[in-house]
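Quick look at data.cif (mmCIF, C-alpha atoms):
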data_data
loop_
_atom_site.label_atom_id
_atom_site.label_comp_id
_atom_site.auth_asym_id
_atom_site.auth_seq_id
_atom_site.Cartn_x
_atom_site.Cartn_y
_atom_site.Cartn_z
CA MET X 1 -6.95 -0.69 -12.39
CA SER X 2 -3.48 -0.39 -11.00
CA GLU X 3 -2.19 1.08 -7.82
CA GLN X 4 1.02 0.87 -5.82
CA SER X 5 0.49 0.84 -2.13
CA PRO X 6 1.95 0.14 1.24
CA ARG X 7 1.44 -3.14 2.97
CA GLN X 8 -2.09 -4.01 4.01
CA GLU X 9 -3.96 -6.93 5.54
CA PHE X 10 -5.37 -9.45 3.09
CA SER X 11 -7.31 -12.68 2.78
CA GLY X 12 -7.62 -14.66 -0.43
CA LEU X 13 -6.14 -17.39 -2.57
CA ARG X 14 -2.43 -17.60 -3.29
CA MET X 15 -1.93 -18.41 -6.97
CA GLY X 16 1.86 -18.59 -7.35
CA ARG X 17 5.14 -16.63 -7.32
CA PRO X 18 6.02 -15.41 -10.83
CA PHE X 19 9.42 -13.68 -10.75
CA GLY X 20 9.48 -14.42 -7.02
CA ILE X 21 6.46 -12.14 -6.37
CA PRO X 22 3.53 -13.74 -4.48
CA VAL X 23 0.24 -13.36 -6.39
CA TYR X 24 -3.09 -13.53 -4.58
CA VAL X 25 -6.69 -13.45 -5.81
CA SER X 26 -9.11 -11.71 -3.48
CA TRP X 27 -12.49 -13.27 -2.83
CA THR X 28 -14.01 -10.18 -4.44
CA TRP X 29 -12.66 -11.36 -7.81
CA PHE X 30 -15.32 -14.06 -7.88
CA ILE X 31 -17.98 -11.35 -7.65
CA VAL X 32 -16.49 -9.65 -10.71
CA ALA X 33 -16.16 -12.95 -12.56
CA ALA X 34 -19.83 -13.72 -11.92
CA PHE X 35 -20.84 -10.19 -12.97
CA ILE X 36 -18.84 -10.38 -16.23
CA THR X 37 -20.21 -13.84 -17.00
CA ILE X 38 -23.82 -12.76 -16.46
CA MET X 39 -23.43 -9.47 -18.36
CA PHE X 40 -21.48 -10.84 -21.33
CA GLY X 41 -23.24 -14.20 -21.68
CA PRO X 42 -26.15 -12.80 -23.77
CA GLN X 43 -23.70 -10.73 -25.83
CA MET X 44 -21.67 -13.85 -26.60
CA ARG X 45 -24.90 -15.58 -27.67
CA GLN X 46 -25.62 -12.74 -30.13
CA MET X 47 -22.06 -12.65 -31.50
CA LEU X 48 -21.86 -16.45 -31.73
CA PRO X 49 -25.40 -17.63 -32.62
CA ASP X 50 -24.27 -21.23 -33.05
CA LEU X 51 -23.48 -21.46 -29.35
CA GLY X 52 -25.99 -22.76 -26.88
CA SER X 53 -26.88 -20.75 -23.78
CA THR X 54 -24.53 -22.70 -21.46
CA ALA X 55 -21.62 -22.49 -23.90
CA ALA X 56 -22.13 -18.72 -24.33
CA TYR X 57 -21.87 -18.17 -20.58
CA ALA X 58 -18.84 -20.44 -20.45
CA VAL X 59 -17.11 -18.29 -23.08
CA ALA X 60 -18.03 -15.17 -21.07
CA PHE X 61 -16.39 -16.73 -18.00
CA VAL X 62 -13.26 -17.49 -20.03
CA PHE X 63 -13.20 -13.82 -21.03
CA ALA X 64 -13.35 -12.84 -17.33
CA VAL X 65 -10.39 -15.09 -16.54
CA LEU X 66 -8.33 -13.85 -19.50
CA LEU X 67 -9.14 -10.24 -18.61
CA TYR X 68 -7.66 -10.71 -15.16
CA VAL X 69 -4.64 -12.47 -16.64
CA SER X 70 -4.13 -9.22 -18.55
CA VAL X 71 -4.47 -7.28 -15.29
CA LEU X 72 -1.90 -9.59 -13.69
CA LEU X 73 0.55 -8.93 -16.53
CA HIS X 74 -0.06 -5.20 -16.07
CA GLU X 75 0.81 -5.47 -12.37
CA LEU X 76 3.82 -7.70 -13.06
CA ALA X 77 5.20 -4.98 -15.32
CA HIS X 78 5.12 -2.57 -12.36
CA SER X 79 6.50 -5.06 -9.89
CA VAL X 80 9.27 -6.61 -11.99
CA LEU X 81 10.64 -3.18 -12.90
CA ALA X 82 10.39 -2.08 -9.25
CA LYS X 83 12.36 -5.15 -8.18
CA GLY X 84 14.91 -4.32 -10.87
CA PHE X 85 15.35 -0.93 -9.18
CA GLY X 86 15.90 -2.64 -5.83
CA LEU X 87 12.44 -1.85 -4.40
CA PRO X 88 10.88 -4.64 -2.32
CA VAL X 89 7.55 -5.96 -3.65
CA ARG X 90 5.44 -7.66 -1.02
CA ARG X 91 2.81 -9.13 -3.34
CA ILE X 92 0.31 -8.57 -6.15
CA THR X 93 -3.39 -8.80 -5.42
CA LEU X 94 -6.19 -9.19 -7.96
CA TYR X 95 -9.42 -7.88 -6.51
CA LEU X 96 -12.77 -6.25 -7.27
CA LEU X 97 -11.51 -3.23 -9.25
CA GLY X 98 -8.47 -4.78 -10.91
CA GLY X 99 -5.08 -5.24 -9.32
CA VAL X 100 -2.69 -3.71 -6.82
CA SER X 101 1.10 -4.03 -6.60
CA GLU X 102 2.30 -3.67 -3.02
CA ILE X 103 5.64 -1.93 -3.54
CA GLU X 104 6.90 -1.25 -0.04
CA LYS X 105 9.23 1.67 -0.75
CA GLU X 106 8.92 4.65 -3.03
CA PRO X 107 11.36 4.94 -5.94
CA PRO X 108 14.33 7.13 -4.93
CA THR X 109 14.19 9.38 -8.02
CA PRO X 110 11.41 10.90 -10.12
CA GLY X 111 12.78 9.13 -13.20
CA LYS X 112 12.40 5.70 -11.58
CA GLU X 113 8.98 6.66 -10.24
CA PHE X 114 7.88 7.57 -13.76
CA LEU X 115 9.22 4.36 -15.30
CA VAL X 116 7.65 2.07 -12.67
CA ALA X 117 4.29 3.84 -13.07
CA ALA X 118 4.43 3.81 -16.88
CA ALA X 119 5.37 0.13 -17.13
CA GLY X 120 1.82 -1.13 -16.52
CA PRO X 121 -0.01 1.02 -19.10
CA ALA X 122 2.81 0.40 -21.59
CA LEU X 123 2.34 -3.35 -21.27
CA SER X 124 -1.46 -3.02 -21.56
CA LEU X 125 -1.04 -0.93 -24.71
CA GLY X 126 1.34 -3.57 -26.06
CA LEU X 127 -1.20 -6.32 -25.40
CA ALA X 128 -3.89 -4.23 -27.11
CA GLY X 129 -1.63 -3.74 -30.14
CA ILE X 130 -0.80 -7.44 -30.37
CA GLY X 131 -4.47 -8.34 -30.05
CA LEU X 132 -5.48 -5.82 -32.71
CA ALA X 133 -2.84 -7.12 -35.12
CA ALA X 134 -3.93 -10.72 -34.49
CA ASP X 135 -7.57 -9.74 -34.96
CA VAL X 136 -6.93 -7.97 -38.28
CA TYR X 137 -4.20 -10.05 -39.89
CA VAL X 138 -4.28 -13.54 -38.36
CA ILE X 139 -7.78 -14.50 -37.21
CA ASN X 140 -10.24 -14.39 -40.10
CA ASN X 141 -13.17 -16.47 -38.95
CA ARG X 142 -15.81 -15.13 -36.59
CA GLY X 143 -15.44 -17.93 -34.11
CA ILE X 144 -14.88 -18.01 -30.36
CA LEU X 145 -11.18 -17.17 -30.69
CA GLU X 146 -11.80 -14.00 -32.68
CA VAL X 147 -14.51 -12.79 -30.29
CA LEU X 148 -12.26 -13.33 -27.27
CA VAL X 149 -9.27 -11.66 -28.93
CA TRP X 150 -11.39 -8.68 -29.97
CA GLN X 151 -12.82 -8.20 -26.50
CA LEU X 152 -9.43 -8.61 -24.84
CA TRP X 153 -7.56 -6.09 -26.97
CA VAL X 154 -10.36 -3.54 -26.52
CA ALA X 155 -10.38 -4.18 -22.75
CA ASN X 156 -6.59 -3.78 -22.54
CA LEU X 157 -6.82 -0.53 -24.49
CA ILE X 158 -9.46 0.78 -22.06
CA VAL X 159 -7.38 -0.31 -19.04
CA ALA X 160 -4.28 1.42 -20.44
CA VAL X 161 -6.05 4.68 -21.33
CA PHE X 162 -7.95 4.82 -18.03
CA ASN X 163 -4.81 4.21 -15.98
CA LEU X 164 -3.03 7.02 -17.84
CA LEU X 165 -5.50 9.62 -16.51
CA PRO X 166 -3.48 12.19 -14.50
CA GLY X 167 -4.62 11.62 -10.95
CA LEU X 168 -3.68 9.42 -8.00
CA PRO X 169 -4.04 6.54 -7.31
CA LEU X 170 -3.90 5.76 -11.06
CA ASP X 171 -0.63 5.18 -12.89
CA GLY X 172 -1.06 8.47 -14.73
CA GLY X 173 -1.22 10.19 -11.35
CA ARG X 174 2.11 8.66 -10.38
CA MET X 175 3.58 9.80 -13.67
CA LEU X 176 2.25 13.31 -13.00
CA ARG X 177 3.70 13.14 -9.50
CA ALA X 178 7.08 12.18 -10.94
CA GLY X 179 6.96 15.13 -13.35
CA VAL X 180 6.14 17.66 -10.62
CA TRP X 181 8.77 16.06 -8.37
CA LYS X 182 11.34 16.53 -11.13
CA LEU X 183 10.37 20.19 -11.66
CA THR X 184 10.20 21.15 -7.97
CA SER X 185 12.73 18.70 -6.47
CA ASN X 186 10.01 18.01 -3.90
CA PRO X 187 8.15 14.66 -3.96
CA SER X 188 5.50 15.98 -1.55
CA SER X 189 4.57 18.74 -4.03
CA GLY X 190 4.13 16.07 -6.70
CA THR X 191 1.88 14.06 -4.40
CA VAL X 192 -0.30 17.09 -3.62
CA VAL X 193 -0.73 18.00 -7.31
CA ALA X 194 -1.46 14.41 -8.38
CA GLY X 195 -3.74 13.86 -5.37
CA TRP X 196 -5.89 16.85 -6.26
CA GLY X 197 -5.82 15.64 -9.87
CA GLY X 198 -7.34 12.38 -8.61
CA ARG X 199 -10.08 14.22 -6.75
CA VAL X 200 -10.94 16.22 -9.87
CA LEU X 201 -11.10 13.00 -11.91
CA ALA X 202 -13.40 11.43 -9.32
CA VAL X 203 -15.80 14.36 -9.56
CA LEU X 204 -15.74 14.34 -13.38
CA LEU X 205 -16.48 10.60 -13.45
CA VAL X 206 -19.80 11.34 -11.77
CA VAL X 207 -20.57 14.75 -13.29
CA PHE X 208 -20.28 13.67 -16.94
CA PRO X 209 -22.74 10.74 -16.86
CA VAL X 210 -25.19 12.69 -14.69
CA ALA X 211 -25.04 15.69 -17.05
CA SER X 212 -25.48 13.38 -20.04
CA MET X 213 -28.55 11.77 -18.46
CA LEU X 214 -30.09 15.14 -17.55
CA SER X 215 -29.54 16.47 -21.07
CA GLY X 216 -31.18 13.41 -22.58
CA GLY X 217 -28.01 12.28 -24.31
CA SER X 218 -28.01 8.83 -22.73
CA SER X 219 -30.24 6.33 -20.97
CA SER X 220 -31.96 7.64 -17.86
CA ASP X 221 -31.54 4.31 -16.05
CA PRO X 222 -30.01 5.14 -12.62
CA PHE X 223 -28.26 1.75 -12.71
CA ASP X 224 -25.91 3.20 -15.33
CA LEU X 225 -24.43 5.41 -12.59
CA VAL X 226 -23.38 2.51 -10.35
CA TRP X 227 -20.07 1.75 -12.03
CA PRO X 228 -18.99 5.43 -12.39
CA LEU X 229 -19.84 5.92 -8.70
CA VAL X 230 -17.77 2.88 -7.69
CA LEU X 231 -14.77 4.06 -9.73
CA ALA X 232 -15.14 7.64 -8.50
CA SER X 233 -15.27 6.46 -4.87
CA PHE X 234 -12.13 4.38 -5.34
CA ILE X 235 -10.23 7.25 -6.95
CA TRP X 236 -11.43 9.82 -4.38
CA LEU X 237 -10.43 7.61 -1.45
CA GLY X 238 -7.04 6.81 -3.02
CA ALA X 239 -6.34 10.47 -3.78
CA SER X 240 -7.37 11.52 -0.27
CA GLN X 241 -5.11 8.87 1.25
CA ALA X 242 -2.21 10.15 -0.88
CA LEU X 243 -2.83 13.72 0.32
CA ARG X 244 -2.86 12.57 3.95
CA SER X 245 0.36 10.66 3.35
CA ALA X 246 1.95 13.80 1.90
CA LYS X 247 1.14 15.69 5.11
CA ILE X 248 2.63 12.90 7.18
CA ARG X 249 5.77 12.66 5.04
CA ALA X 250 6.28 16.41 5.38
CA ARG X 251 6.80 15.82 9.11
CA ILE X 252 9.37 13.05 8.71
CA PRO X 253 12.37 15.45 8.87
CA GLN X 254 11.12 16.47 12.33
CA VAL X 255 11.67 12.93 13.63
CA ASN X 256 14.99 13.20 15.45
CA ALA X 257 16.04 10.36 17.74
CA ARG X 258 18.07 12.57 20.06
CA SER X 259 15.40 15.21 20.52
CA LEU X 260 12.63 12.63 21.09
CA ALA X 261 14.63 10.36 23.40
CA ARG X 262 13.67 9.86 27.01
CA ARG X 263 16.49 9.98 29.50
CA ALA X 264 17.08 6.48 30.85
CA ILE X 265 18.69 5.22 34.04
CA PRO X 266 20.33 1.79 34.34
CA VAL X 267 18.92 -0.65 36.91
CA THR X 268 19.61 -4.30 37.63
CA SER X 269 16.86 -6.84 36.99
CA GLU X 270 16.30 -7.59 40.69
CA THR X 271 15.63 -3.92 41.56
CA PRO X 272 12.08 -3.44 42.95
CA LEU X 273 9.91 -1.42 40.62
CA ALA X 274 9.08 1.13 43.32
CA GLU X 275 12.77 1.80 43.95
CA ALA X 276 13.54 2.05 40.22
CA LEU X 277 10.72 4.57 39.78
CA ARG X 278 11.96 6.57 42.76
CA GLN X 279 15.43 6.77 41.22
CA ALA X 280 13.96 7.76 37.84
CA THR X 281 11.92 10.55 39.44
CA GLU X 282 14.93 11.76 41.38
CA GLN X 283 17.08 11.88 38.22
CA ARG X 284 14.24 13.19 36.04
CA ALA X 285 14.44 10.16 33.76
CA GLY X 286 11.56 8.81 31.68
CA ALA X 287 12.75 5.25 31.05
CA LEU X 288 14.41 2.29 32.74
CA VAL X 289 17.08 0.11 31.12
CA VAL X 290 17.93 -3.23 32.71
CA VAL X 291 21.70 -3.80 32.73
CA GLY X 292 23.89 -6.69 33.78
CA HIS X 293 26.41 -6.42 36.58
CA ASP X 294 28.96 -5.47 33.93
CA GLY X 295 26.80 -2.51 32.90
CA ARG X 296 25.82 -4.00 29.54
CA PRO X 297 22.17 -3.22 28.58
CA LEU X 298 20.00 -6.34 28.53
CA ALA X 299 16.39 -5.14 28.35
CA ILE X 300 14.03 -2.15 28.43
CA VAL X 301 11.32 -1.93 31.09
CA ASN X 302 8.00 -1.77 29.27
CA GLU X 303 6.13 1.45 30.05
CA ALA X 304 2.69 -0.10 29.53
CA ALA X 305 3.54 -2.93 31.96
CA VAL X 306 4.67 -0.40 34.57
CA GLN X 307 1.46 1.58 34.26
CA ALA X 308 -0.58 -1.61 34.55
CA THR X 309 1.11 -2.55 37.84
CA PRO X 310 -0.91 -1.31 40.87
CA GLU X 311 1.06 1.02 43.15
CA HIS X 312 0.69 -1.22 46.20
CA ARG X 313 2.41 -4.09 44.34
CA ARG X 314 5.35 -2.09 43.00
CA PRO X 315 7.64 -2.67 46.02
CA TRP X 316 7.28 -6.43 45.45
CA VAL X 317 7.66 -6.53 41.67
CA THR X 318 11.14 -6.53 40.12
CA VAL X 319 11.87 -4.51 37.01
CA GLY X 320 13.22 -7.63 35.30
CA SER X 321 9.75 -9.17 35.28
CA LEU X 322 8.42 -6.14 33.35
CA ALA X 323 11.27 -5.81 30.89
CA LYS X 324 11.55 -6.86 27.26
CA SER X 325 14.86 -8.38 26.19
CA LEU X 326 16.86 -6.32 23.75
CA GLU X 327 17.13 -7.76 20.28
CA PRO X 328 19.97 -6.32 18.15
CA SER X 329 17.39 -4.67 15.87
CA MET X 330 15.94 -2.77 18.86
CA VAL X 331 19.22 -0.97 19.47
CA LEU X 332 19.47 2.16 17.30
CA GLN X 333 22.08 4.84 16.81
CA ALA X 334 21.17 8.04 18.66
CA ASP X 335 21.96 10.26 15.68
CA LEU X 336 19.31 8.77 13.37
CA VAL X 337 17.03 11.40 11.84
CA GLY X 338 14.09 11.35 9.41
CA GLU X 339 13.64 8.55 6.88
CA PRO X 340 16.52 6.33 8.13
CA LEU X 341 15.00 6.39 11.63
CA ILE X 342 11.52 5.54 10.34
CA ASP X 343 12.94 2.70 8.21
CA ALA X 344 14.82 1.27 11.22
CA MET X 345 11.66 1.32 13.33
CA ARG X 346 9.60 -0.18 10.50
CA ASP X 347 12.07 -3.04 10.10
CA ALA X 348 11.76 -3.94 13.80
CA PRO X 349 8.32 -2.90 15.14
CA GLY X 350 8.28 -2.32 18.87
CA SER X 351 7.15 0.03 21.64
CA GLU X 352 10.61 1.13 22.85
CA TYR X 353 14.10 1.25 21.37
CA LEU X 354 17.46 1.70 23.07
CA LEU X 355 19.48 4.59 21.68
CA VAL X 356 23.25 4.30 21.89
CA GLU X 357 26.23 6.40 20.89
CA HIS X 358 28.73 5.11 18.34
CA GLY X 359 30.90 3.82 21.17
CA GLY X 360 28.01 1.81 22.60
CA GLU X 361 27.19 4.13 25.52
CA ILE X 362 23.50 4.39 26.43
CA PHE X 363 21.98 7.70 25.31
CA GLY X 364 18.34 7.05 26.16
CA VAL X 365 15.14 5.28 25.15
CA LEU X 366 13.00 6.15 22.15
CA ALA X 367 9.29 5.39 22.60
CA THR X 368 7.20 4.69 19.52
CA ALA X 369 4.37 6.67 21.12
CA ASP X 370 6.57 9.77 21.15
CA VAL X 371 7.37 9.34 17.46
CA ASN X 372 3.70 8.88 16.62
CA ARG X 373 2.88 12.16 18.35
CA VAL X 374 5.08 13.98 15.83
CA PHE X 375 2.74 12.81 13.06
CA THR X 376 -0.56 13.17 14.89
CA GLY X 377 0.28 16.57 16.36
CA VAL X 378 -0.90 15.43 19.81
#
Please express what this file holds, its structure, as structure tokens.
Amino acid sequence: MSEQSPRQEFSGLRMGRPFGIPVYVSWTWFIVAAFITIMFGPQMRQMLPDLGSTAAYAVAFVFAVLLYVSVLLHELAHSVLAKGFGLPVRRITLYLLGGVSEIEKEPPTPGKEFLVAAAGPALSLGLAGIGLAADVYVINNRGILEVLVWQLWVANLIVAVFNLLPGLPLDGGRMLRAGVWKLTSNPSSGTVVAGWGGRVLAVLLVVFPVASMLSGGSSSDPFDLVWPLVLASFIWLGASQALRSAKIRARIPQVNARSLARRAIPVTSETPLAEALRQATEQRAGALVVVGHDGRPLAIVNEAAVQATPEHRRPWVTVGSLAKSLEPSMVLQADLVGEPLIDAMRDAPGSEYLLVEHGGEIFGVLATADVNRVFTGV
């Protein structure tokens, strides 16, 4: 199962860097490998009666490994094409439900979005076609090789078809999103349509097997519902996250550095905190910028550190001891708005940024907390 996502925390084994893209295997993969081995071991024994019990389970484990190699190739198709379009790829992770390509920026056009999303299913379909051709025209004996090839091309076909279903977070959902984006010129509209498509798919994944069981058309073993419920939960959560992201992205144009800036007053590093705060109150400023004797900004006084300083100690504490030195990346142009502003803050995470005019004059201080309030509505 394939998904493109923003960066996330991760623990697991690093397996290599094909095409310069780090590949990790989550610890949950071993659960899947054990499950596949246990489930397919008896089937391998039936299909290959000459094998002993241990050898049959060994072949089942080989199938599990080769299946995830196919998933890796599916994800590489997404990631390599994304890199070709200039989109940064943080890593690929193989985990419980398949794989995830962490593409850190969205494609800039619906056409590129469609191509990146379609690359994975296209490669899986290609692998299925190659496997089918090898199974029919090349491999004639019913040995281990033929059984593995048969199972792999069928598995790749299932992976491709499933990922083409039109709902986020599946590849088909991203293709649907690209189509709606193209028609409406609005990527958020595409996300909303594809997100609701994902929710509908999640419901259908549960409704169909339950209805089939109730009508007597399939086994009444409740265990048969476990896998549909797992997949439905994954799709529902992914679709819901996409819908939340669409709401957040709709507010990005409201993020204006000038309108969110706090007025700042310059102070020297040896100024007592109490005096600096008195001057700020007098001038109705909301931030303190430490400057050198030549007036050049050197640091921003950290708001959290100020609030943590007891009032009785403020006359004896200098602002320099509570300030954070200014790195070049923490100095932003005051006229930044929307996506460029968010990208600049993402590239240099911090609590406060100095806003300057094009000539270098101090305009004010932008607090990350103020930007966050635009998205939370607080």
Pick out the closest residue to Val62 (chain X) from this set: X:Ile36, X:Leu176, X:Leu277, X:Val306. Count all atoms listed in the file.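 Among the listed residues, the smallest separation from Val62 (chain X) belongs to X:Ile36.
Pairwise distance (CA of Ala178 (chain X), CA of Asn163 (chain X)) equals 15.2 Å.
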Quick one: 4 Å padding each side, axis-aligned, all listed atoms of region 135-138 of chain X - centre and edge lengths in Å to one decimal, as lines of an AutoDock Vina configuration file?
center_x = -5.9
center_y = -10.8
center_z = -37.4
size_x = 11.4
size_y = 13.6
size_z = 12.9
Target residues per the PyMOL selection byres ((chain X and resi 87-92) around 9), formatted as JSON, numbers by chain: {"X": [6, 7, 17, 21, 22, 23, 24, 25, 72, 75, 76, 79, 80, 81, 82, 83, 84, 85, 86, 93, 94, 99, 100, 101, 102, 103, 104, 105, 106, 107]}
Please provide as a short mmCIF file (atom, residue, chain, number, x, y, z; two decimals) with C-alpha atoms, in the frame of the given file all residues within 6 Å of region 325-337 of chain X, with the sequence filter that same-chain residues fewer than 5 positions apart are discarded (counting only C-alpha atoms).
data_model
loop_
_atom_site.label_atom_id
_atom_site.label_comp_id
_atom_site.auth_asym_id
_atom_site.auth_seq_id
_atom_site.Cartn_x
_atom_site.Cartn_y
_atom_site.Cartn_z
CA VAL X 255 11.67 12.93 13.63
CA ASN X 256 14.99 13.20 15.45
CA ALA X 257 16.04 10.36 17.74
CA ARG X 258 18.07 12.57 20.06
CA LEU X 298 20.00 -6.34 28.53
CA ALA X 299 16.39 -5.14 28.35
CA TYR X 353 14.10 1.25 21.37
CA LEU X 354 17.46 1.70 23.07
CA LEU X 355 19.48 4.59 21.68
CA VAL X 356 23.25 4.30 21.89
CA GLU X 357 26.23 6.40 20.89
#
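Restricting the calculation to all atoms listed in the file, the smallest distance between Thr191 (chain X) and any of X:Ser240, X:Gln283, X:Gln151, X:Asn140 is found for X:Ser240.
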Can you give me, as JSON, numbers by chain, the residues this file yields under the PyMOL selection byres ((chain X and resi 74) around 10)? {"X": [1, 2, 68, 69, 70, 71, 72, 73, 75, 76, 77, 78, 79, 98, 99, 100, 101, 119, 120, 121, 122, 123, 124, 125, 127, 156, 159, 160]}
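CA of Gly359 (chain X) sits 24.9 Å away from CA of Asn302 (chain X).
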